[in-house]
Structures are given as structure tokens and as C-alpha cells.
Amino acid sequence: MKTIVFTLIFVGSALATPSEGAEGELALGPTDQTFGETATFATQPTGIWQGEVGEGFRPGVQTLSLEAGGAGGFAAFGGRQAHDFALNSLSYGYMLGKVAGEGHWYRGNWEIRGELFGGLQVSPSRDWLVGLTPHLRYNFATGTRWIPFADLGAGVSATDIGPPDASGTFEFNLQANTGVHWFMRDNLALTLEVGYMHLSCAGIHTPNLGINTVKGLFGVTWFF
């Protein structure tokens, strides 16, 4: 009987006395890793940037730009007249992937863009111009709110500019541009770009001397 009582007292004491740490506090089991994983997931970037502002765009970020400006012509590469234009431009872009060139000065994002532009020739005559051009752009990741870019484009145009430099309605357009975005907000930037634009029909009709201009555009770009 004494043995049974002693056994019950010993078992009860073991159940009633929890394991204590060095400070007399309860010793807890291993930390639940699920909480840590959830916290880590919650800190992942959710905006347009891969990290902080200027550190490069996330894959799939889209852009919408509205710009206005002009182009000054020059007689060169066979062209006989200087053609001056007032221009408007609307473009849509899509970031093709993650930041390229990590660890290098040229790190940045590739962007494919589609541009619809139009305007009026103001000299040497009053004529209209519209065009549709796909571009391939590279946006440099500077780590600041200033994001320089450079792009190339080739598309089609329609105009009523005629001889001696153009043959009529259908013309191709070639473009090479550079510029900069300045981010007023994390997803809204002022955009300034300058570039070269060439118009010709690639010999489909005559004459095909070509129109050459240097253009400048200023506007806003929304990133989403």
C-alpha cells in the first residue's frame, strides 16, 4: 500500500512541475517556422520596383506615356529639304523580365513598346503625318529617381508630304532615341526624350530621297 502511495505522489509531482530555464521561466519548444515564413513573404516587393525606387522594374510592369514636342529637319543623306514637324505621341510598354546586368553599371530592364504618333509638318509646307512604331527600349537602373533609357524602333507611316523627298502616302519610319524618366512619385514620371527619325518608302515608289529630323518630346509616363 505504501508503495502505491509513493508511486502516485512521484508521478503527480512530475506532472505538476514544468521544465524551467535558467531564469525560472518555462522552457518553450522550437519556434514555429511557419510564422517566420509568413513574415518573410509579407516583405516581398509589391509595387513596380524590384527593390527600392530606381533599383529596376519588376517583370511585367506596364507603361503608358503621353508626350508632345516637335522635330527639326535637315537636308542630308540624299534629302533636299528641311522638314519641320509638331508632334504628339502615345505609347504603351511592357517590361520583358527581371533586371539584367546585375552587379554592372549597365544594369537595367528591357522594355518592348508600341508607339502611335502624329502631327503636322509646319515647313516647308502644311502636311499631316501619322505613324505606328514598335520599339525596343533599355531602362538603366541607377538606384535614384532618374532613370535614363535608350531605344530603337522601326515602323510604318502615312503622310501627304510629296516630292522632292517623299513619294506620297506610305512611308516607313526609323527611329533612334534616348532620354530620361524623373519619378515624381513611385509610379509616375516626367519623361524627356530626344532622337533621330527618318522617313522613306525603301524604294517602293519614287522619289525616295527621304526625310530626316531630330525630334524632342516631353510628357508623362505612368507605370503600373
# chains A, B, ... in the order shown; residues from 1 in each chain; ligands from 1

call {"tool": "closest_atom_pairs", "arguments": {"of": "segment 88-195 of chain A", "to": "segment 68-82 of chain A", "cutoff": "12 Å", "atoms": "only C-alpha atoms", "output": "CSV"}}
result
residue,atom,partner,partner_atom,distance
A:Asn88,CA,A:Ala68,CA,4.4
A:Ser89,CA,A:Ala68,CA,6.1
A:Leu90,CA,A:Ala68,CA,8.9
A:Ser91,CA,A:Ala68,CA,11.6
A:Leu116,CA,A:Ala68,CA,11.9
A:Phe117,CA,A:Ala68,CA,9.4
A:Gly118,CA,A:Ala68,CA,9.8
A:Gly119,CA,A:Gly70,CA,8.7
A:Leu120,CA,A:Gly70,CA,9.4
A:Gln121,CA,A:Ala71,CA,9.1
A:Val122,CA,A:Gly70,CA,9.9
A:Ser123,CA,A:Ala82,CA,7.6
A:Pro124,CA,A:Ala82,CA,7.2
A:Ser125,CA,A:Ala82,CA,10.5
A:Ile161,CA,A:Gln81,CA,11.6
A:Gly162,CA,A:Gln81,CA,11.4
A:Pro163,CA,A:Arg80,CA,9.6
A:Pro164,CA,A:Arg80,CA,7.0
A:Asp165,CA,A:Gly79,CA,5.7
A:Ala166,CA,A:Gly79,CA,9.0
A:Thr191,CA,A:Ala68,CA,10.4
A:Leu192,CA,A:Ala68,CA,9.8
A:Glu193,CA,A:Gly69,CA,9.7
A:Val194,CA,A:Ala71,CA,9.3
A:Gly195,CA,A:Ala71,CA,9.0

call {"tool": "residues_around", "arguments": {"residues": "Tyr196 of chain A", "least_positions_apart": "6", "cutoff": "8 Å", "atoms": "only C-alpha atoms", "output": "PDB file with N, CA and C atoms, in the first residue's frame"}}
result
ATOM      1  N   GLN A 175      13.685  55.018 -86.132  1.00  0.00           N
ATOM      2  CA  GLN A 175      13.930  55.925 -85.012  1.00  0.00           C
ATOM      3  C   GLN A 175      15.052  55.394 -84.117  1.00  0.00           C
ATOM      4  N   ALA A 176      15.808  56.329 -83.552  1.00  0.00           N
ATOM      5  CA  ALA A 176      16.791  56.034 -82.509  1.00  0.00           C
ATOM      6  C   ALA A 176      16.652  57.135 -81.462  1.00  0.00           C
ATOM      7  N   ASN A 177      16.342  56.761 -80.224  1.00  0.00           N
ATOM      8  CA  ASN A 177      16.015  57.747 -79.193  1.00  0.00           C
ATOM      9  C   ASN A 177      16.783  57.507 -77.906  1.00  0.00           C
ATOM     10  N   ASN A 212      14.656  63.544 -92.986  1.00  0.00           N
ATOM     11  CA  ASN A 212      15.477  63.329 -91.802  1.00  0.00           C
ATOM     12  C   ASN A 212      15.233  64.435 -90.787  1.00  0.00           C
ATOM     13  N   THR A 213      14.997  64.047 -89.538  1.00  0.00           N
ATOM     14  CA  THR A 213      14.704  65.026 -88.495  1.00  0.00           C
ATOM     15  C   THR A 213      15.364  64.636 -87.179  1.00  0.00           C
ATOM     16  N   VAL A 214      15.555  65.637 -86.325  1.00  0.00           N
ATOM     17  CA  VAL A 214      15.911  65.430 -84.918  1.00  0.00           C
ATOM     18  C   VAL A 214      14.707  65.881 -84.107  1.00  0.00           C
ATOM     19  N   LYS A 215      14.180  64.993 -83.276  1.00  0.00           N
ATOM     20  CA  LYS A 215      12.948  65.302 -82.550  1.00  0.00           C
ATOM     21  C   LYS A 215      13.198  65.411 -81.054  1.00  0.00           C
TER      22      LYS A 215
END

call {"tool": "residues_around", "arguments": {"residues": "Leu132 of chain A", "least_positions_apart": "6", "cutoff": "9 Å", "atoms": "only C-alpha atoms", "output": "PyMOL selection string"}}
result
chain A and resi 114-118+154-157+173

call {"tool": "write_last_selection", "arguments": {"atoms": "C-alpha atoms", "output": "PDB file, in the first residue's frame"}}
result
ATOM      1  CA  GLY A 114       4.303  50.333 -79.221  1.00  0.00           C
ATOM      2  CA  GLU A 115       4.049  53.998 -80.229  1.00  0.00           C
ATOM      3  CA  LEU A 116       1.263  55.814 -82.085  1.00  0.00           C
ATOM      4  CA  PHE A 117       2.418  59.263 -83.164  1.00  0.00           C
ATOM      5  CA  GLY A 118       1.098  62.002 -85.378  1.00  0.00           C
ATOM      6  CA  ALA A 154      11.086  50.760 -86.987  1.00  0.00           C
ATOM      7  CA  GLY A 155       7.509  51.100 -88.202  1.00  0.00           C
ATOM      8  CA  VAL A 156       5.114  52.399 -90.817  1.00  0.00           C
ATOM      9  CA  SER A 157       3.767  55.872 -91.519  1.00  0.00           C
ATOM     10  CA  ASN A 173       9.927  55.304 -90.264  1.00  0.00           C
TER      11      ASN A 173
END

call {"tool": "closest_atom_pairs", "arguments": {"of": "segment 78-193 of chain A", "to": "segment 49-65 of chain A", "cutoff": "9 Å", "atoms": "only C-alpha atoms", "output": "CSV"}}
result
residue,atom,partner,partner_atom,distance
A:Ser89,CA,A:Ser65,CA,7.8
A:Leu90,CA,A:Ser65,CA,5.7
A:Ser91,CA,A:Ser65,CA,5.2
A:Tyr92,CA,A:Leu64,CA,4.7
A:Gly93,CA,A:Thr63,CA,4.7
A:Tyr94,CA,A:Gln62,CA,4.5
A:Met95,CA,A:Gly60,CA,5.1
A:Leu96,CA,A:Pro59,CA,6.0
A:Gly97,CA,A:Pro59,CA,4.4
A:Lys98,CA,A:Pro59,CA,5.1
A:Val99,CA,A:Gly56,CA,5.8
A:Ala100,CA,A:Gly56,CA,8.9
A:Arg107,CA,A:Gly56,CA,8.0
A:Gly108,CA,A:Gly56,CA,5.8
A:Asn109,CA,A:Gly56,CA,6.5
A:Glu111,CA,A:Gln62,CA,8.9
A:Arg113,CA,A:Thr63,CA,8.6
A:Asn139,CA,A:Gly56,CA,8.1
A:Phe140,CA,A:Gly56,CA,7.5
A:Ala141,CA,A:Gly56,CA,4.8
A:Thr142,CA,A:Gly54,CA,5.7
A:Gly143,CA,A:Gly54,CA,4.1
A:Thr144,CA,A:Gly54,CA,4.7
A:Arg145,CA,A:Gly54,CA,5.6
A:Trp146,CA,A:Gly54,CA,7.3
A:Ile147,CA,A:Gly54,CA,6.9
A:Phe183,CA,A:Val53,CA,8.8
A:Asp186,CA,A:Val53,CA,6.6
A:Asn187,CA,A:Trp49,CA,8.9
A:Thr191,CA,A:Ser65,CA,8.2

call {"tool": "write_last_selection", "arguments": {"atoms": "N, CA and C atoms", "output": "tab-separated table (two decimals), in the first residue's frame"}}
result
chain	number	residue	atom	x	y	z
A	89	SER	N	2.64	62.03	-79.22
A	89	SER	CA	2.98	60.62	-79.15
A	89	SER	C	2.25	59.96	-77.99
A	90	LEU	N	1.67	58.78	-78.26
A	90	LEU	CA	1.05	57.95	-77.24
A	90	LEU	C	1.67	56.56	-77.34
A	91	SER	N	2.20	56.04	-76.23
A	91	SER	CA	2.88	54.74	-76.30
A	91	SER	C	2.54	53.87	-75.10
A	92	TYR	N	2.62	52.56	-75.34
A	92	TYR	CA	2.39	51.54	-74.31
A	92	TYR	C	3.61	50.63	-74.26
A	93	GLY	N	4.06	50.31	-73.05
A	93	GLY	CA	5.24	49.47	-72.91
A	93	GLY	C	5.04	48.32	-71.93
A	94	TYR	N	5.93	47.32	-72.03
A	94	TYR	CA	5.85	46.13	-71.17
A	94	TYR	C	7.27	45.67	-70.84
A	95	MET	N	7.60	45.54	-69.55
A	95	MET	CA	8.93	45.08	-69.13
A	95	MET	C	9.04	43.58	-69.36
A	96	LEU	N	10.09	43.20	-70.08
A	96	LEU	CA	10.19	41.82	-70.55
A	96	LEU	C	10.70	40.83	-69.51
A	97	GLY	N	11.37	41.26	-68.48
A	97	GLY	CA	11.89	40.32	-67.50
A	97	GLY	C	12.51	41.04	-66.31
A	98	LYS	N	13.25	40.28	-65.52
A	98	LYS	CA	13.91	40.84	-64.35
A	98	LYS	C	15.05	41.75	-64.76
A	99	VAL	N	15.64	42.41	-63.77
A	99	VAL	CA	16.76	43.30	-64.03
A	99	VAL	C	17.92	42.52	-64.64
A	100	ALA	N	18.45	43.03	-65.74
A	100	ALA	CA	19.60	42.41	-66.41
A	100	ALA	C	20.88	43.12	-65.99
A	107	ARG	N	23.26	47.80	-65.49
A	107	ARG	CA	22.11	47.00	-65.06
A	107	ARG	C	20.81	47.75	-65.37
A	108	GLY	N	19.78	47.00	-65.77
A	108	GLY	CA	18.51	47.64	-66.11
A	108	GLY	C	17.51	46.65	-66.67
A	109	ASN	N	16.46	47.17	-67.29
A	109	ASN	CA	15.35	46.37	-67.80
A	109	ASN	C	15.13	46.59	-69.29
A	111	GLU	N	12.48	46.67	-72.32
A	111	GLU	CA	11.06	47.01	-72.45
A	111	GLU	C	10.68	47.02	-73.93
A	113	ARG	N	7.86	48.32	-76.62
A	113	ARG	CA	6.90	49.42	-76.65
A	113	ARG	C	6.22	49.51	-78.01
A	139	ASN	N	16.01	50.42	-70.07
A	139	ASN	CA	15.93	51.37	-68.96
A	139	ASN	C	17.03	51.06	-67.96
A	140	PHE	N	17.91	52.02	-67.69
A	140	PHE	CA	19.02	51.80	-66.77
A	140	PHE	C	18.55	51.93	-65.31
A	141	ALA	N	18.98	51.00	-64.46
A	141	ALA	CA	18.65	51.02	-63.04
A	141	ALA	C	19.75	51.76	-62.30
A	142	THR	N	19.49	53.01	-61.92
A	142	THR	CA	20.51	53.86	-61.31
A	142	THR	C	20.44	53.89	-59.78
A	143	GLY	N	19.35	53.39	-59.21
A	143	GLY	CA	19.17	53.49	-57.77
A	143	GLY	C	18.70	54.86	-57.33
A	144	THR	N	18.31	55.71	-58.30
A	144	THR	CA	17.79	57.05	-58.00
A	144	THR	C	16.46	57.23	-58.70
A	145	ARG	N	15.89	58.42	-58.58
A	145	ARG	CA	14.63	58.72	-59.28
A	145	ARG	C	14.86	59.13	-60.72
A	146	TRP	N	16.11	59.20	-61.17
A	146	TRP	CA	16.44	59.50	-62.56
A	146	TRP	C	16.77	58.20	-63.27
A	147	ILE	N	15.95	57.81	-64.24
A	147	ILE	CA	16.14	56.55	-64.98
A	147	ILE	C	16.37	56.87	-66.46
A	183	PHE	N	11.10	60.45	-61.66
A	183	PHE	CA	9.94	59.96	-60.93
A	183	PHE	C	9.50	60.96	-59.87
A	186	ASP	N	6.37	57.20	-56.95
A	186	ASP	CA	6.95	55.88	-57.20
A	186	ASP	C	6.50	55.28	-58.52
A	187	ASN	N	5.35	55.69	-59.05
A	187	ASN	CA	4.86	55.11	-60.30
A	187	ASN	C	4.49	56.14	-61.37
A	191	THR	N	8.86	62.60	-68.44
A	191	THR	CA	9.72	61.95	-69.44
A	191	THR	C	10.18	62.97	-70.47

call {"tool": "atom_distance", "arguments": {"atom1": "atom CA of His135 of chain A", "atom2": "atom CA of Leu174 of chain A"}}
result
9.9 Å

call {"tool": "select_by_dssp", "arguments": {"residues": "segment 37-214 of chain A", "states": "alpha helix (DSSP H)", "output": "number ranges by chain"}}
result
A: 37-42

call {"tool": "residues_around", "arguments": {"residues": "Gly219 of chain A", "least_positions_apart": "3", "cutoff": "6 Å", "atoms": "only C-alpha atoms", "output": "list in words"}}
result
Leu66, Glu67, Leu190 and Thr191 of chain A

call {"tool": "atom_distance", "arguments": {"atom1": "atom CA of Thr206 of chain A", "atom2": "atom CA of Leu152 of chain A"}}
result
26.3 Å

call {"tool": "atom_distance", "arguments": {"atom1": "atom CA of His181 of chain A", "atom2": "atom CA of Pro148 of chain A"}}
result
6.2 Å
